[in-house]
file structure_0.pdb (PDB, C-alpha atoms)
MODEL        1
ATOM      1  CA  MET U 114       0.000   0.000   0.000
ATOM      2  CA  ARG U 115       2.832   2.394   0.893
ATOM      3  CA  MET U 116       4.511   1.674  -2.471
ATOM      4  CA  LEU U 117       1.235   2.476  -4.267
ATOM      5  CA  LEU U 118       0.908   5.834  -2.480
ATOM      6  CA  VAL U 119       4.492   6.732  -3.368
ATOM      7  CA  LEU U 120       3.824   5.875  -7.021
ATOM      8  CA  ILE U 121       0.641   7.969  -7.112
ATOM      9  CA  GLY U 122       2.499  10.874  -5.558
ATOM     10  CA  ALA U 123       5.261  10.641  -8.149
ATOM     11  CA  LEU U 124       2.743  10.655 -11.000
ATOM     12  CA  THR U 125       0.890  13.580  -9.472
ATOM     13  CA  PHE U 126       3.769  15.896  -8.745
ATOM     14  CA  SER U 127       6.645  15.048 -11.077
ATOM     15  CA  GLY U 128       5.152  15.487 -14.538
ATOM     16  CA  ALA U 129       1.734  17.108 -14.466
ATOM     17  CA  LEU U 130       1.366  20.836 -15.011
ATOM     18  CA  PRO U 131      -1.037  22.451 -12.515
ATOM     19  CA  ALA U 132      -4.415  23.287 -14.057
ATOM     20  CA  GLN U 133      -3.953  27.008 -13.451
ATOM     21  CA  GLU U 134      -0.682  26.920 -15.403
ATOM     22  CA  ALA U 135      -2.360  25.157 -18.333
ATOM     23  CA  ASN U 136      -5.040  27.854 -18.300
ATOM     24  CA  SER U 137      -2.296  30.478 -18.371
ATOM     25  CA  ILE U 138      -0.763  28.915 -21.490
ATOM     26  CA  ARG U 139      -3.876  28.267 -23.600
ATOM     27  CA  GLY U 140      -5.168  30.786 -26.103
ATOM     28  CA  GLY U 141      -3.588  33.477 -28.252
ATOM     29  CA  TRP U 142      -0.055  34.888 -28.098
ATOM     30  CA  VAL U 143       1.830  37.336 -30.300
ATOM     31  CA  ALA U 144       5.483  38.162 -30.912
ATOM     32  CA  ASP U 145       7.140  40.825 -33.028
ATOM     33  CA  VAL U 146       9.861  39.281 -35.191
ATOM     34  CA  ASP U 147      11.760  41.659 -37.464
ATOM     35  CA  GLY U 148       8.805  44.031 -37.556
ATOM     36  CA  ARG U 149       6.331  41.296 -38.438
ATOM     37  CA  THR U 150       3.635  40.019 -36.079
ATOM     38  CA  GLN U 151       3.608  36.285 -35.453
ATOM     39  CA  VAL U 152       0.506  34.749 -33.885
ATOM     40  CA  TYR U 153       0.336  31.529 -31.855
ATOM     41  CA  LEU U 154      -3.030  29.974 -30.936
ATOM     42  CA  LEU U 155      -2.543  27.204 -28.356
ATOM     43  CA  ILE U 156      -5.248  24.618 -27.678
ATOM     44  CA  VAL U 157      -4.744  22.758 -24.385
ATOM     45  CA  ARG U 158      -6.770  19.605 -23.690
ATOM     46  CA  GLY U 159      -5.457  17.856 -20.601
ATOM     47  CA  ALA U 160      -1.708  17.552 -21.232
ATOM     48  CA  VAL U 161      -2.041  17.689 -25.051
ATOM     49  CA  VAL U 162      -1.244  20.888 -26.963
ATOM     50  CA  THR U 163      -2.255  21.648 -30.552
ATOM     51  CA  GLY U 164      -3.037  24.859 -32.410
ATOM     52  CA  THR U 165      -1.816  27.180 -35.138
ATOM     53  CA  HIS U 166       1.047  29.527 -35.943
ATOM     54  CA  CYS U 167       1.003  32.202 -38.634
ATOM     55  CA  PHE U 168       2.352  35.511 -39.901
ATOM     56  CA  ASP U 169       0.552  37.732 -42.431
ATOM     57  CA  CYS U 170      -2.238  35.412 -41.381
ATOM     58  CA  ALA U 171      -4.764  36.187 -44.137
ATOM     59  CA  ASP U 172      -2.440  34.368 -46.569
ATOM     60  CA  PRO U 173      -3.092  30.595 -46.410
ATOM     61  CA  GLY U 174       0.532  29.925 -47.348
ATOM     62  CA  ASN U 175       1.692  31.408 -44.047
ATOM     63  CA  LEU U 176      -0.443  29.177 -41.831
ATOM     64  CA  GLY U 177       1.350  26.459 -39.884
ATOM     65  CA  PHE U 178       0.169  23.985 -37.283
ATOM     66  CA  ILE U 179       1.265  23.026 -33.789
ATOM     67  CA  ILE U 180       1.702  19.268 -33.465
ATOM     68  CA  ASP U 181       3.076  16.721 -30.976
ATOM     69  CA  GLY U 182       2.562  19.196 -28.139
ATOM     70  CA  ARG U 183       2.345  18.634 -24.404
ATOM     71  CA  VAL U 184       2.450  20.527 -21.124
ATOM     72  CA  ASP U 185       4.261  19.280 -18.049
ATOM     73  CA  SER U 186       6.048  20.596 -14.999
ATOM     74  CA  ALA U 187       8.855  21.959 -17.214
ATOM     75  CA  GLY U 188       6.520  24.058 -19.365
ATOM     76  CA  VAL U 189       5.116  23.580 -22.852
ATOM     77  CA  HIS U 190       6.718  21.629 -25.705
ATOM     78  CA  PHE U 191       5.552  21.326 -29.318
ATOM     79  CA  ALA U 192       6.608  21.279 -32.964
ATOM     80  CA  ILE U 193       5.555  23.846 -35.580
ATOM     81  CA  ARG U 194       4.825  22.408 -39.018
ATOM     82  CA  HIS U 195       4.775  24.675 -42.080
ATOM     83  CA  GLU U 196       4.217  23.487 -45.647
ATOM     84  CA  TYR U 197       5.301  25.802 -48.449
ATOM     85  CA  GLN U 198       5.210  25.774 -52.237
ATOM     86  CA  ALA U 199       6.240  22.580 -54.023
ATOM     87  CA  GLY U 200       5.380  20.583 -50.900
ATOM     88  CA  LYS U 201       8.370  21.709 -48.834
ATOM     89  CA  VAL U 202       7.737  20.987 -45.128
ATOM     90  CA  THR U 203       9.667  22.557 -42.257
ATOM     91  CA  LEU U 204       9.561  21.593 -38.584
ATOM     92  CA  ASP U 205      10.683  23.716 -35.654
ATOM     93  CA  ASP U 206      10.843  22.369 -32.109
ATOM     94  CA  ALA U 207       9.605  24.770 -29.440
ATOM     95  CA  ARG U 208      10.054  24.862 -25.671
ATOM     96  CA  GLY U 209       8.259  27.477 -23.613
ATOM     97  CA  VAL U 210       8.074  28.635 -19.995
ATOM     98  CA  LEU U 211       5.855  31.233 -18.361
ATOM     99  CA  LYS U 212       7.558  34.232 -16.801
ATOM    100  CA  ASP U 213       5.816  37.376 -15.595
ATOM    101  CA  ARG U 214       2.751  36.776 -17.813
ATOM    102  CA  GLU U 215       4.941  36.230 -20.874
ATOM    103  CA  LEU U 216       5.686  32.972 -22.653
ATOM    104  CA  ILE U 217       9.419  32.661 -23.294
ATOM    105  CA  LEU U 218       9.785  30.385 -26.308
ATOM    106  CA  THR U 219      12.951  28.737 -27.629
ATOM    107  CA  LEU U 220      12.704  27.635 -31.289
ATOM    108  CA  GLN U 221      15.132  25.155 -32.830
ATOM    109  CA  PRO U 222      14.801  24.272 -36.558
ATOM    110  CA  ARG U 223      15.171  20.547 -37.169
ATOM    111  CA  SER U 224      16.917  20.961 -40.523
ATOM    112  CA  GLY U 225      20.151  22.750 -41.307
ATOM    113  CA  ALA U 226      22.577  24.316 -38.886
ATOM    114  CA  ALA U 227      20.410  27.270 -37.853
ATOM    115  CA  HIS U 228      20.858  28.463 -34.284
ATOM    116  CA  ALA U 229      18.056  28.389 -31.752
ATOM    117  CA  GLN U 230      15.878  31.515 -31.606
ATOM    118  CA  LEU U 231      14.520  33.043 -28.406
ATOM    119  CA  LEU U 232      11.096  34.699 -28.614
ATOM    120  CA  THR U 233       9.077  36.566 -25.998
ATOM    121  CA  LEU U 234       5.356  36.053 -26.533
ATOM    122  CA  HIS U 235       2.731  38.245 -24.914
ATOM    123  CA  ARG U 236      -1.014  38.568 -24.940
ATOM    124  CA  ALA U 237      -2.521  40.756 -27.636
ATOM    125  CA  VAL U 238      -4.193  44.075 -26.968
ATOM    126  CA  PRO U 239      -7.955  43.501 -26.539
ATOM    127  CA  LEU U 240     -10.059  44.478 -29.518
ATOM    128  CA  PRO U 241     -12.059  47.691 -29.121
ATOM    129  CA  THR U 242     -15.617  47.166 -27.950
ATOM    130  CA  ALA U 243     -18.013  47.547 -30.838
ATOM    131  CA  GLN U 244     -20.550  50.328 -30.492
ATOM    132  CA  PRO U 245     -24.144  49.108 -30.400
ATOM    133  CA  PRO U 246     -26.046  49.809 -33.626
ATOM    134  CA  ALA U 247     -28.535  52.631 -33.734
ATOM    135  CA  PRO U 248     -32.056  51.493 -32.879
ATOM    136  CA  ALA U 249     -34.120  50.482 -35.879
ATOM    137  CA  PRO U 250     -37.050  52.696 -36.804
ATOM    138  CA  ALA U 251     -40.376  51.627 -35.392
ATOM    139  CA  GLY U 252     -42.313  49.160 -37.500
ATOM    140  CA  PRO U 253     -42.995  45.473 -37.901
ATOM    141  CA  ALA U 254     -39.932  43.231 -37.513
ATOM    142  CA  ARG U 255     -38.790  41.501 -40.680
ATOM    143  CA  PRO U 256     -38.080  37.795 -40.368
ATOM    144  CA  ARG U 257     -34.658  36.772 -41.590
ATOM    145  CA  ALA U 258     -34.874  35.284 -45.072
ATOM    146  CA  GLU U 259     -34.362  31.539 -45.136
ATOM    147  CA  TYR U 260     -31.244  30.401 -46.974
ATOM    148  CA  VAL U 261     -31.913  29.008 -50.443
ATOM    149  CA  ALA U 262     -29.088  26.880 -51.835
ATOM    150  CA  PRO U 263     -28.089  27.585 -55.469
ATOM    151  CA  GLY U 264     -28.323  23.876 -56.257
ATOM    152  CA  PRO U 265     -28.370  20.421 -54.705
ATOM    153  CA  ALA U 266     -25.802  19.592 -52.032
ATOM    154  CA  GLN U 267     -22.655  18.160 -53.617
ATOM    155  CA  PRO U 268     -20.862  15.005 -52.486
ATOM    156  CA  LEU U 269     -17.840  16.178 -50.517
ATOM    157  CA  SER U 270     -14.185  15.215 -50.337
ATOM    158  CA  ALA U 271     -11.169  16.811 -48.691
ATOM    159  CA  ASP U 272     -10.021  18.267 -52.010
ATOM    160  CA  LYS U 273     -13.319  20.115 -52.450
ATOM    161  CA  VAL U 274     -13.048  22.032 -49.168
ATOM    162  CA  LEU U 275      -9.319  22.836 -49.130
ATOM    163  CA  GLY U 276      -8.305  26.468 -49.562
ATOM    164  CA  LEU U 277      -9.545  29.913 -48.615
ATOM    165  CA  TRP U 278     -13.238  30.671 -48.042
ATOM    166  CA  LEU U 279     -14.652  34.146 -47.392
ATOM    167  CA  TRP U 280     -17.654  35.354 -45.414
ATOM    168  CA  GLY U 281     -18.714  38.967 -45.920
ATOM    169  CA  ALA U 282     -16.997  41.762 -47.815
ATOM    170  CA  GLY U 283     -14.733  44.715 -47.178
ATOM    171  CA  PRO U 284     -12.365  45.066 -44.219
ATOM    172  CA  GLY U 285     -14.697  43.124 -41.919
ATOM    173  CA  LYS U 286     -14.840  39.904 -43.920
ATOM    174  CA  GLN U 287     -13.775  36.646 -42.311
ATOM    175  CA  TYR U 288     -11.124  34.344 -43.741
ATOM    176  CA  PHE U 289     -11.663  30.598 -43.314
ATOM    177  CA  ILE U 290      -8.493  28.680 -44.242
ATOM    178  CA  ILE U 291      -8.555  24.884 -44.564
ATOM    179  CA  ARG U 292      -5.383  22.890 -45.210
ATOM    180  CA  ARG U 293      -4.344  19.251 -45.306
ATOM    181  CA  VAL U 294      -1.908  18.150 -42.591
ATOM    182  CA  GLY U 295      -0.937  14.547 -43.137
ATOM    183  CA  ARG U 296      -4.214  12.608 -43.252
ATOM    184  CA  GLN U 297      -6.311  15.215 -41.477
ATOM    185  CA  LEU U 298      -7.756  18.632 -42.256
ATOM    186  CA  LEU U 299      -6.960  21.603 -40.038
ATOM    187  CA  GLY U 300      -7.463  25.325 -40.395
ATOM    188  CA  MET U 301      -8.091  28.753 -38.934
ATOM    189  CA  VAL U 302     -10.631  31.573 -39.147
ATOM    190  CA  CYS U 303      -9.691  35.217 -38.594
ATOM    191  CA  ASP U 304     -10.975  38.807 -38.783
ATOM    192  CA  PRO U 305      -8.884  40.838 -38.308
ATOM    193  CA  CYS U 306      -6.021  38.490 -39.068
ATOM    194  CA  ASP U 307      -3.365  40.119 -36.903
ATOM    195  CA  ASN U 308      -4.956  39.774 -33.457
ATOM    196  CA  PRO U 309      -5.551  36.395 -31.772
ATOM    197  CA  ASN U 310      -8.600  37.806 -30.014
ATOM    198  CA  ALA U 311     -10.332  37.631 -33.414
ATOM    199  CA  MET U 312      -8.884  34.291 -34.531
ATOM    200  CA  ALA U 313      -9.757  30.647 -33.893
ATOM    201  CA  PRO U 314      -8.277  27.295 -34.964
ATOM    202  CA  LEU U 315     -10.420  24.830 -36.921
ATOM    203  CA  ASP U 316     -10.235  21.109 -36.177
ATOM    204  CA  GLY U 317     -12.315  17.946 -35.878
ATOM    205  CA  PHE U 318     -13.140  17.826 -39.599
ATOM    206  CA  ALA U 319     -15.392  14.956 -40.657
ATOM    207  CA  ILE U 320     -16.974  14.299 -44.069
ATOM    208  CA  ASP U 321     -19.982  12.041 -44.592
ATOM    209  CA  GLY U 322     -21.461  12.141 -48.074
ATOM    210  CA  THR U 323     -22.729  15.699 -48.587
ATOM    211  CA  ALA U 324     -22.190  16.708 -44.936
ATOM    212  CA  LEU U 325     -19.128  18.422 -43.453
ATOM    213  CA  THR U 326     -18.648  18.918 -39.718
ATOM    214  CA  PHE U 327     -15.831  20.792 -37.965
ATOM    215  CA  ASN U 328     -15.037  22.740 -34.807
ATOM    216  CA  ILE U 329     -14.295  26.449 -34.482
ATOM    217  CA  VAL U 330     -12.166  26.322 -31.322
ATOM    218  CA  HIS U 331     -12.408  29.066 -28.702
ATOM    219  CA  GLU U 332      -9.850  28.712 -25.919
ATOM    220  CA  ASP U 333     -10.034  32.189 -24.377
ATOM    221  CA  THR U 334     -12.221  34.219 -26.760
ATOM    222  CA  GLY U 335     -15.925  34.704 -27.332
ATOM    223  CA  SER U 336     -17.994  33.104 -24.566
ATOM    224  CA  ALA U 337     -15.000  31.244 -23.086
ATOM    225  CA  ALA U 338     -14.900  33.719 -20.193
ATOM    226  CA  ALA U 339     -18.321  32.462 -19.099
ATOM    227  CA  HIS U 340     -18.237  28.828 -20.249
ATOM    228  CA  GLY U 341     -14.549  27.912 -20.393
ATOM    229  CA  PRO U 342     -12.922  26.593 -23.590
ATOM    230  CA  PHE U 343     -15.589  25.557 -26.083
ATOM    231  CA  ASN U 344     -16.206  24.769 -29.754
ATOM    232  CA  ASN U 345     -18.596  26.365 -32.158
ATOM    233  CA  VAL U 346     -19.678  23.184 -33.948
ATOM    234  CA  ALA U 347     -20.266  23.831 -37.653
ATOM    235  CA  HIS U 348     -22.407  21.607 -39.890
ATOM    236  CA  ALA U 349     -21.951  22.510 -43.556
ATOM    237  CA  THR U 350     -23.077  21.633 -47.065
ATOM    238  CA  LEU U 351     -21.620  22.756 -50.393
ATOM    239  CA  ALA U 352     -23.500  23.862 -53.507
ATOM    240  CA  ARG U 353     -21.934  25.785 -56.403
ATOM    241  CA  ASN U 354     -19.142  27.424 -54.400
ATOM    242  CA  GLU U 355     -21.368  28.265 -51.433
ATOM    243  CA  LEU U 356     -20.390  26.512 -48.205
ATOM    244  CA  HIS U 357     -23.419  26.994 -45.959
ATOM    245  CA  LEU U 358     -22.744  26.653 -42.218
ATOM    246  CA  LYS U 359     -25.105  26.064 -39.333
ATOM    247  CA  VAL U 360     -23.189  26.744 -36.113
ATOM    248  CA  ILE U 361     -24.101  25.813 -32.524
ATOM    249  CA  PRO U 362     -21.843  26.374 -29.471
ATOM    250  CA  SER U 363     -20.864  23.137 -27.736
ATOM    251  CA  TYR U 364     -22.247  24.437 -24.417
ATOM    252  CA  GLU U 365     -25.761  24.613 -25.912
ATOM    253  CA  PRO U 366     -28.072  21.657 -26.704
ATOM    254  CA  PRO U 367     -27.480  20.180 -30.182
ATOM    255  CA  ASP U 368     -31.049  21.053 -31.216
ATOM    256  CA  SER U 369     -30.598  24.777 -30.439
ATOM    257  CA  THR U 370     -31.348  27.297 -33.175
ATOM    258  CA  PRO U 371     -28.099  27.628 -35.138
ATOM    259  CA  PHE U 372     -26.352  30.733 -36.369
ATOM    260  CA  GLU U 373     -26.135  30.473 -40.165
ATOM    261  CA  MET U 374     -23.476  31.831 -42.497
ATOM    262  CA  THR U 375     -22.559  31.216 -46.135
ATOM    263  CA  LEU U 376     -18.915  31.141 -47.210
ATOM    264  CA  LEU U 377     -17.861  31.707 -50.817
ATOM    265  CA  GLY U 378     -14.916  29.835 -52.317
ATOM    266  CA  PRO U 379     -12.570  28.269 -52.475
ATOM    267  CA  VAL U 380     -10.541  31.263 -53.631
ATOM    268  CA  ILE U 381      -7.752  30.224 -55.993
ATOM    269  CA  TRP U 382      -4.602  29.627 -53.978
ATOM    270  CA  ARG U 383      -1.653  27.367 -54.668
ATOM    271  CA  PRO U 384       0.453  26.155 -51.690
TER     272      PRO U 384
ENDMDL
END
call {"tool": "encode", "arguments": {"input": "structure_0.pdb", "output": "structure tokens"}}
result
Amino acid sequence: MRMLLVLIGALTFSGALPAQEANSIRGGWVADVDGRTQVYLLIVRGAVVTGTHCFDCADPGNLGFIIDGRVDSAGVHFAIRHEYQAGKVTLDDARGVLKDRELILTLQPRSGAAHAQLLTLHRAVPLPTAQPPAPAPAGPARPRAEYVAPGPAQPLSADKVLGLWLWGAGPGKQYFIIRRVGRQLLGMVCDPCDNPNAMAPLDGFAIDGTALTFNIVHEDTGSAAAHGPFNNVAHATLARNELHLKVIPSYEPPDSTPFEMTLLGPVIWRP
């Protein structure tokens, strides 16, 4: 019995990162590197770390993914995978520790003889609070028009959803980027695309016939302050370049009224 207690104590205190430390690591971080903003979005589930890394983040070619990550008593460890034109893949190993509300990250490229790079990551400036719209003139409320697809739902495959999809127009449009990483699909949505408070990783992609499902992951943005980390679960169909989404937060019942949005794409882009 005494041996069992010693073993449990060793497992509890030697490798596990305290929950409050994991909460301090998750979410969005930024660093200025040679005058260019780099954004890290860290997803923490138990001891596992995933997420995204990007610079000039509206360009799909600059989106990389955090893989093989973990948190433990020594800090956070992960690899950053970027895939460039002609299929070139680079991997950087990262080690990070928290210090005075900053994440001190050491990056070591796996290829070549490049020296390790030391980065200081900090939290981004909060986005300005949007002003409430002016009250609508008095009169009967108009029901929102029901979405009408431009054609029948198309059978889906990974190749049909890869690329850049856009929702809206002008400076406020949202960029949905979907890329292939090994055998899985991963991505990111952003608007604006230089502040992690307006960005979210995409994961959990599943295709079944004409149906696409994926998660819009909120670690410390949106309603996470009230509900903790959550997913906006998107159910989508494709018809003639319109990817229609019905989105329900994971903290609400699955039969809740969804928020609907229609993405246009994929925009021509060659990795």
call {"tool": "resolve_selection", "arguments": {"input": "structure_0.pdb", "expression": "the PyMOL selection byres ((chain U and resi 273-282) around 10)", "output": "PyMOL selection string"}}
result
chain U and resi 171-174+267-272+283-293+298-302+325+351+354-356+374-384
call {"tool": "resolve_selection", "arguments": {"input": "structure_0.pdb", "expression": "the PyMOL selection byres ((chain U and resi 237) around 7)", "output": "list in words"}}
result
Trp142, Val143, His235, Arg236, Val238, Pro239, Asn308 and Pro309 of chain U
call {"tool": "atom_distance", "arguments": {"input": "structure_0.pdb", "atom1": "atom CA of Glu134 of chain U", "atom2": "atom CA of Leu211 of chain U"}}
result
8.4 Å
call {"tool": "residues_around", "arguments": {"input": "structure_0.pdb", "residues": "Met312 of chain U", "least_positions_apart": "5", "cutoff": "9 Å", "atoms": "all atoms listed in the file", "output": "list of chain:residue names"}}
result
U:Gly141, U:Leu154, U:Met301, U:Val302, U:Cys303, U:Asp304, U:Pro305, U:Cys306, U:Asp307, U:His331, U:Thr334
call {"tool": "write_last_selection", "arguments": {"input": "structure_0.pdb", "atoms": "C-alpha atoms", "output": "short mmCIF file (atom, residue, chain, number, x, y, z; two decimals), in the coordinates of the input"}}
result
data_model
loop_
_atom_site.label_atom_id
_atom_site.label_comp_id
_atom_site.auth_asym_id
_atom_site.auth_seq_id
_atom_site.Cartn_x
_atom_site.Cartn_y
_atom_site.Cartn_z
CA GLY U 141 -3.59 33.48 -28.25
CA LEU U 154 -3.03 29.97 -30.94
CA MET U 301 -8.09 28.75 -38.93
CA VAL U 302 -10.63 31.57 -39.15
CA CYS U 303 -9.69 35.22 -38.59
CA ASP U 304 -10.98 38.81 -38.78
CA PRO U 305 -8.88 40.84 -38.31
CA CYS U 306 -6.02 38.49 -39.07
CA ASP U 307 -3.36 40.12 -36.90
CA HIS U 331 -12.41 29.07 -28.70
CA THR U 334 -12.22 34.22 -26.76
#
call {"tool": "atom_distance", "arguments": {"input": "structure_0.pdb", "atom1": "atom CA of Val202 of chain U", "atom2": "atom CA of Val152 of chain U"}}
result
19.2 Å
call {"tool": "atom_distance", "arguments": {"input": "structure_0.pdb", "atom1": "atom CA of Val162 of chain U", "atom2": "atom CA of Leu218 of chain U"}}
result
14.6 Å
call {"tool": "residues_around", "arguments": {"input": "structure_0.pdb", "residues": "segment 256-262 of chain U", "least_positions_apart": "2", "cutoff": "9 Å", "atoms": "only C-alpha atoms", "output": "PyMOL selection string"}}
result
chain U and resi 254+264-266+351-353+355+357+373+375
call {"tool": "resolve_selection", "arguments": {"input": "structure_0.pdb", "expression": "the PyMOL selection byres ((chain U and resi 215) around 8)", "output": "VMD selection string"}}
result
chain U and resid 211 to 214 216 to 217 233 to 236
